[in-house]
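With CSV, C-alpha atoms inside, this is final.csv:
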```csv
chain,number,residue,atom,x,y,z
A,28,MET,CA,26.4,-20.5,-36.5
A,29,THR,CA,27.6,-18.3,-39.2
A,30,SER,CA,31.3,-17.7,-40.2
A,31,SER,CA,32.0,-14.1,-39.2
A,32,VAL,CA,35.5,-13.0,-40.0
A,33,PRO,CA,37.3,-11.3,-37.1
A,34,PRO,CA,38.8,-7.9,-37.5
A,35,ALA,CA,42.3,-7.7,-38.9
A,36,PRO,CA,45.2,-7.5,-36.4
A,37,PRO,CA,46.6,-4.0,-35.7
A,38,SER,CA,49.5,-4.6,-38.2
A,39,ALA,CA,47.1,-5.1,-41.1
A,40,ALA,CA,44.4,-3.0,-42.7
A,41,ALA,CA,41.1,-3.4,-40.9
A,42,THR,CA,38.4,-5.5,-42.6
A,43,PRO,CA,34.8,-5.1,-41.5
A,44,ALA,CA,33.4,-8.3,-39.9
A,45,ALA,CA,31.5,-10.3,-42.4
A,46,SER,CA,30.6,-13.8,-43.3
A,47,VAL,CA,33.4,-15.6,-45.3
A,48,LEU,CA,30.7,-16.3,-47.8
A,49,ASP,CA,30.1,-12.7,-48.4
A,50,LEU,CA,33.6,-11.3,-48.8
A,51,ALA,CA,33.8,-11.9,-52.5
A,52,PRO,CA,32.0,-14.1,-55.1
A,53,VAL,CA,35.1,-16.3,-55.5
A,54,VAL,CA,37.6,-17.5,-52.9
A,55,PRO,CA,40.9,-18.4,-54.6
A,56,VAL,CA,42.1,-21.9,-53.5
A,57,VAL,CA,45.9,-21.5,-53.5
A,58,VAL,CA,48.6,-24.3,-53.5
A,59,LEU,CA,52.0,-22.8,-52.9
A,60,HIS,CA,55.3,-24.7,-53.2
A,61,ASP,CA,57.5,-21.7,-52.4
A,62,ALA,CA,56.6,-19.3,-49.6
A,63,ALA,CA,58.5,-16.5,-51.5
A,64,ASP,CA,55.6,-16.4,-53.9
A,65,ALA,CA,53.0,-15.9,-51.1
A,66,VAL,CA,53.1,-12.1,-50.7
A,67,PRO,CA,53.2,-11.1,-54.4
A,68,LEU,CA,50.5,-13.6,-55.2
A,69,ALA,CA,48.2,-12.3,-52.4
A,70,ARG,CA,48.8,-8.7,-53.5
A,71,ALA,CA,47.8,-9.6,-57.0
A,72,LEU,CA,44.6,-11.3,-55.8
A,73,VAL,CA,43.6,-8.4,-53.6
A,74,ALA,CA,44.4,-5.9,-56.3
A,75,GLY,CA,42.0,-7.9,-58.6
A,76,GLY,CA,39.2,-7.7,-56.0
A,77,LEU,CA,39.5,-11.1,-54.2
A,78,PRO,CA,40.4,-10.4,-50.6
A,79,ALA,CA,39.6,-13.9,-49.1
A,80,ILE,CA,42.4,-16.3,-49.9
A,81,GLU,CA,42.4,-20.0,-49.0
A,82,VAL,CA,45.9,-21.4,-48.7
A,83,THR,CA,45.7,-25.2,-48.7
A,84,LEU,CA,47.8,-27.2,-46.3
A,85,ARG,CA,49.0,-29.5,-49.1
A,86,THR,CA,52.7,-28.4,-49.2
A,87,PRO,CA,55.5,-27.7,-46.7
A,88,ALA,CA,55.3,-24.0,-47.7
A,89,ALA,CA,51.7,-23.6,-46.6
A,90,LEU,CA,52.1,-22.4,-43.1
A,91,GLU,CA,54.9,-19.9,-43.9
A,92,SER,CA,52.8,-18.7,-46.8
A,93,ILE,CA,49.9,-18.0,-44.5
A,94,ARG,CA,52.2,-16.2,-42.1
A,95,ALA,CA,53.7,-14.0,-44.7
A,96,MET,CA,50.4,-13.1,-46.3
A,97,ALA,CA,48.8,-12.3,-43.0
A,98,ALA,CA,51.7,-10.1,-41.9
A,99,GLU,CA,52.5,-8.3,-45.2
A,100,VAL,CA,49.4,-7.9,-47.3
A,101,PRO,CA,46.9,-5.3,-46.0
A,102,GLY,CA,43.4,-6.1,-47.3
A,103,ALA,CA,43.9,-9.8,-47.5
A,104,VAL,CA,41.7,-12.1,-45.4
A,105,VAL,CA,43.9,-15.2,-45.4
A,106,GLY,CA,42.4,-18.6,-44.5
A,107,ALA,CA,43.7,-22.1,-44.3
A,108,GLY,CA,42.3,-24.9,-46.4
A,109,THR,CA,42.6,-28.7,-46.2
A,110,VAL,CA,42.3,-28.5,-42.4
A,111,ILE,CA,41.8,-32.0,-41.3
A,112,SER,CA,43.1,-32.2,-37.7
A,113,PRO,CA,43.2,-30.3,-34.4
A,114,GLU,CA,46.9,-29.9,-35.0
A,115,HIS,CA,46.2,-28.2,-38.3
A,116,VAL,CA,43.8,-25.8,-36.5
A,117,ARG,CA,46.5,-24.9,-33.9
A,118,GLU,CA,49.2,-24.4,-36.5
A,119,THR,CA,47.1,-22.2,-38.8
A,120,VAL,CA,45.8,-20.1,-36.0
A,121,ALA,CA,49.4,-19.5,-34.8
A,122,ALA,CA,50.4,-18.6,-38.4
A,123,GLY,CA,47.7,-15.9,-38.6
A,124,ALA,CA,44.9,-17.5,-40.5
A,125,ARG,CA,41.5,-15.7,-40.2
A,126,PHE,CA,39.2,-18.5,-41.3
A,127,LEU,CA,39.4,-22.3,-41.7
A,128,VAL,CA,38.2,-24.6,-44.4
A,129,SER,CA,38.0,-28.4,-44.3
A,130,PRO,CA,37.2,-30.9,-47.0
A,131,GLY,CA,35.1,-32.9,-44.6
A,132,TRP,CA,34.5,-33.0,-40.9
A,133,THR,CA,34.3,-35.2,-37.7
A,134,ASP,CA,33.1,-34.2,-34.3
A,135,THR,CA,36.7,-33.9,-33.1
A,136,LEU,CA,37.7,-31.6,-35.9
A,137,LEU,CA,34.5,-29.6,-35.6
A,138,GLU,CA,35.1,-29.0,-31.9
A,139,ALA,CA,38.7,-27.9,-32.6
A,140,MET,CA,37.6,-25.5,-35.2
A,141,LYS,CA,34.9,-24.1,-32.9
A,142,ALA,CA,37.4,-23.7,-30.1
A,143,SER,CA,39.7,-21.7,-32.3
A,144,GLY,CA,37.4,-18.7,-32.3
A,145,LEU,CA,37.8,-18.4,-36.1
A,146,PRO,CA,35.0,-18.7,-38.6
A,147,PHE,CA,35.1,-22.0,-40.4
A,148,LEU,CA,33.6,-23.9,-43.3
A,149,PRO,CA,33.3,-27.6,-42.8
A,150,GLY,CA,33.1,-29.7,-45.9
A,151,VAL,CA,30.0,-31.7,-46.8
A,152,SER,CA,28.9,-33.7,-49.8
A,153,THR,CA,25.7,-35.4,-48.6
A,154,THR,CA,22.3,-34.3,-47.2
A,155,SER,CA,23.0,-36.2,-44.0
A,156,GLU,CA,26.2,-34.3,-43.4
A,157,VAL,CA,24.4,-31.0,-43.9
A,158,VAL,CA,21.6,-32.0,-41.4
A,159,ALA,CA,24.2,-33.2,-38.9
A,160,LEU,CA,25.9,-29.8,-39.0
A,161,LEU,CA,22.7,-28.0,-38.7
A,162,GLU,CA,21.9,-30.0,-35.6
A,163,ARG,CA,25.3,-28.7,-34.2
A,164,GLY,CA,24.4,-25.1,-35.0
A,165,VAL,CA,26.6,-24.7,-38.1
A,166,THR,CA,24.8,-23.1,-41.1
A,167,GLU,CA,27.7,-22.2,-43.4
A,168,MET,CA,29.6,-25.0,-45.2
A,169,LYS,CA,31.9,-26.0,-48.0
A,170,PHE,CA,30.3,-28.2,-50.6
A,171,PHE,CA,33.1,-30.5,-51.8
A,172,PRO,CA,33.9,-31.9,-54.3
A,173,ALA,CA,31.2,-29.8,-56.0
A,174,GLU,CA,31.2,-31.0,-59.5
A,175,ALA,CA,31.8,-34.7,-58.6
A,176,ALA,CA,29.2,-34.6,-55.8
A,177,GLY,CA,26.3,-33.4,-58.0
A,178,GLY,CA,27.0,-29.7,-58.8
A,179,THR,CA,24.3,-27.1,-59.2
A,180,ALA,CA,21.5,-29.7,-59.5
A,181,TYR,CA,22.4,-31.2,-56.1
A,182,LEU,CA,22.6,-27.8,-54.4
A,183,LYS,CA,19.4,-26.6,-55.9
A,184,ALA,CA,17.6,-29.7,-54.6
A,185,LEU,CA,18.9,-28.9,-51.1
A,186,SER,CA,17.6,-25.4,-51.1
A,187,ALA,CA,14.0,-26.2,-50.5
A,188,PRO,CA,14.2,-28.7,-47.6
A,189,LEU,CA,17.3,-27.0,-46.0
A,190,PRO,CA,17.0,-23.3,-46.7
A,191,GLN,CA,19.0,-22.4,-43.6
A,192,ALA,CA,22.2,-24.0,-45.0
A,193,ARG,CA,24.5,-21.8,-47.1
A,194,PHE,CA,27.5,-23.1,-49.1
A,195,CYS,CA,30.8,-22.3,-50.7
A,196,PRO,CA,31.0,-25.0,-53.5
A,197,THR,CA,34.5,-25.9,-54.4
A,198,GLY,CA,36.0,-28.6,-56.7
A,199,GLY,CA,36.0,-28.5,-60.5
A,200,ILE,CA,34.5,-25.0,-60.8
A,201,SER,CA,35.7,-22.7,-63.5
A,202,LEU,CA,35.0,-19.1,-64.7
A,203,ALA,CA,32.4,-20.5,-67.1
A,204,SER,CA,30.5,-22.6,-64.5
A,205,ALA,CA,30.8,-20.3,-61.5
A,206,PRO,CA,27.8,-18.1,-62.5
A,207,SER,CA,25.4,-21.0,-62.4
A,208,TYR,CA,26.5,-21.7,-58.8
A,209,LEU,CA,26.3,-18.1,-57.7
A,210,ALA,CA,22.8,-17.8,-59.1
A,211,LEU,CA,21.5,-20.4,-56.5
A,212,PRO,CA,19.9,-18.9,-53.4
A,213,ASN,CA,21.9,-21.1,-51.0
A,214,VAL,CA,25.3,-20.3,-52.5
A,215,GLY,CA,27.3,-17.3,-51.0
A,216,CYS,CA,30.5,-17.8,-53.0
A,217,VAL,CA,32.5,-20.4,-54.8
A,218,GLY,CA,36.0,-21.6,-54.4
A,219,GLY,CA,38.3,-22.1,-57.3
A,220,SER,CA,41.9,-22.1,-58.6
A,221,TRP,CA,41.5,-21.0,-62.2
A,222,MET,CA,42.8,-17.4,-61.3
A,223,VAL,CA,46.0,-18.9,-59.9
A,224,PRO,CA,47.2,-21.2,-62.7
A,225,GLY,CA,50.4,-23.1,-62.0
A,226,ASP,CA,52.2,-21.7,-65.0
A,227,ALA,CA,51.4,-18.1,-64.0
A,228,VAL,CA,52.7,-18.7,-60.5
A,229,ALA,CA,55.8,-20.5,-61.8
A,230,ALA,CA,56.5,-17.6,-64.2
A,231,LYS,CA,55.7,-15.0,-61.4
A,232,ASP,CA,53.3,-13.4,-63.8
A,233,TRP,CA,51.4,-11.5,-61.1
A,234,ASP,CA,49.8,-9.2,-63.6
A,235,ARG,CA,48.1,-12.1,-65.2
A,236,VAL,CA,46.9,-13.3,-61.8
A,237,ALA,CA,45.5,-9.9,-61.1
A,238,ARG,CA,43.6,-9.9,-64.4
A,239,LEU,CA,42.2,-13.3,-63.8
A,240,ALA,CA,41.2,-12.3,-60.3
A,241,ALA,CA,39.4,-9.2,-61.6
A,242,GLU,CA,37.4,-11.4,-64.0
A,243,ALA,CA,36.4,-13.6,-61.1
A,244,ALA,CA,35.5,-10.6,-58.9
A,245,ALA,CA,33.2,-9.3,-61.6
A,246,LEU,CA,31.0,-12.3,-61.1
A,247,ALA,CA,29.5,-10.6,-58.1
A,248,ARG,CA,25.7,-10.7,-58.1
```
Go ahead and render the structure in this file as structure tokens.
Amino acid sequence: MTSSVPPAPPSAAATPAASVLDLAPVVPVVVLHDAADAVPLARALVAGGLPAIEVTLRTPAALESIRAMAAEVPGAVVGAGTVISPEHVRETVAAGARFLVSPGWTDTLLEAMKASGLPFLPGVSTTSEVVALLERGVTEMKFFPAEAAGGTAYLKALSAPLPQARFCPTGGISLASAPSYLALPNVGCVGGSWMVPGDAVAAKDWDRVARLAAEAAALAR
């Protein structure tokens, strides 16, 4: 099972169906405390060349942020991160999310994500978890927490015995370390938050966000 992004709703600009892993070299991992920042932040990221945006469900503003981005930012492919329950799946689908990302997975969560009809990236950090997902027909995954779980060395070691698995490593990755991940054959993209620094969001410095996004987008292989 690959994670094919559904077409945009009629109210948004159409985005060709593609794997989440192939939309951009970097997926911004966004934590928003004020939903009023959602639209200008998303516009800055899209302008910089990063259309896939993961809004994490770590704050009360997350669902409203997803709803606003999905409705008001043409070109954005807005996903939900830190999805850890079937309730999260239902809420984010209703808010307009177009892909789902979890830090880990259980059979219950996996079935809920499959039933949503959206592409999803379940989180893994061990070989056994990867094999278990492959048994269930899932070939695209989030590798988390990437740096703490073994980084590029671990992923390189997985590529020979498990070539059918593809990953979006996330967790501790920076502009400097991202290229070493993207050079691996089993990595489609990386997730990171360096292009949405907290001080820039607090200052509403969307030009800076767009510049940082452009730097990240330039990492494309």
Between atom CA of Gly108 of chain A and atom CA of Val56 of chain A, measure the distance and give it in Å to one decimal.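 Atom CA of Val56 of chain A lies 7.7 Å from atom CA of Gly108 of chain A.
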Counting all atoms listed in the file, which residue out of A:Arg238, A:Lys183, A:Lys169, A:Arg70 sits closest to Trp132 of chain A?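 When distances to Trp132 of chain A are compared using all atoms listed in the file, the smallest one comes from A:Lys169.
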Mind checking which residues fall within 8 Å of Val54 of chain A, counting all atoms listed in the file, ignoring those fewer than 6 positions away in the same chain, and posting them as a list in words?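 Surrounding residues, per the criterion: Leu77, Pro78, Ala79, Ile80, Glu81, Cys216, Val217, Gly218 and Gly219 of chain A.
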Can you measure atom CA of Glu156 of chain A to atom CA of Ile200 of chain A for me? One decimal in Å is fine. 21.4 Å
Close residues, segment 118-128 of chain A itself excluded, 7 Å, all atoms listed in the file, min 3 positions apart in chain, as a ChimeraX atom specification: /A:32-33,90,93-94,97,104-110,114-115,145-149
Point-to-point distance in Å for atom CA of Ala241 of chain A and atom CA of Val47 of chain A: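 Here the two named atoms are 18.5 Å from each other.
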Please provide the set of residues having any atom within 12 Å of Ala229 of chain A, restricted to only C-alpha atoms, with same-chain residues fewer than 4 positions apart removed, written as a PyMOL selection string. chain A and resi 58-61+63-65+68+223-225+233+235-236
Return as a tab-separated table the residues of segment 38-103 of chain A lying at most 12 Å from segment 243-248 of chain A, together with the closest atom-to-atom pair for each and the distance in Å to one decimal, counting all atoms listed in the file, with rows in chain order and ascending residue number.
```
residue	atom	partner	partner_atom	distance
A:Leu48	CA	A:Ala247	CA	11.8
A:Asp49	CA	A:Ala247	CA	9.9
A:Leu50	CA	A:Ala247	CA	10.2
A:Ala51	CA	A:Ala244	CA	6.7
A:Pro52	CA	A:Ala247	CA	5.2
A:Val53	CA	A:Ala243	CA	6.4
A:Val54	CA	A:Ala243	CA	9.2
A:Pro55	CA	A:Ala243	CA	9.2
A:Leu72	CA	A:Ala244	CA	9.6
A:Val73	CA	A:Ala244	CA	9.9
A:Ala74	CA	A:Ala244	CA	10.4
A:Gly75	CA	A:Ala244	CA	7.0
A:Gly76	CA	A:Ala244	CA	5.5
A:Leu77	CA	A:Ala244	CA	6.2
A:Pro78	CA	A:Ala244	CA	9.6
A:Ala79	CA	A:Ala244	CA	11.1
```
Shortest interatomic distance to Asp232 of chain A - which of A:Leu137, A:Leu161, A:Pro67, A:Glu167, counting only C-alpha atoms: A:Pro67
My list of candidates is A:Val66, A:Val214, A:Val82, A:Val157. Which is closest to Pro101 of chain A when distances are computed with only C-alpha atoms?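 So, comparing all the options, the nearest one is A:Val66.
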So that I can check the surroundings of Gly131 of chain A, please list as a ChimeraX atom specification every protein, DNA and RNA residue that reaches within 7 Å of it, counting only C-alpha atoms and ignoring chain neighbours fewer than 2 positions away. /A:129,149-151
Which neighbours of Ala180 of chain A fall inside 10 Å, counting all atoms listed in the file, when residues of the same chain fewer than 6 positions from it are skipped, and could you give them as a list in words? Glu174, Ser207, Tyr208 and Leu211 of chain A
For Arg163 of chain A, which residue out of A:Val100, A:Ser201, A:Glu138, A:Leu209 is the nearest one, using only C-alpha atoms?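 For Arg163 of chain A, the nearest of the given residues is A:Glu138.
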Counting all atoms listed in the file, figure out which residue out of A:Ala227, A:Ala159, A:Leu182, A:Val165 gets nearest to Asn213 of chain A. A:Leu182
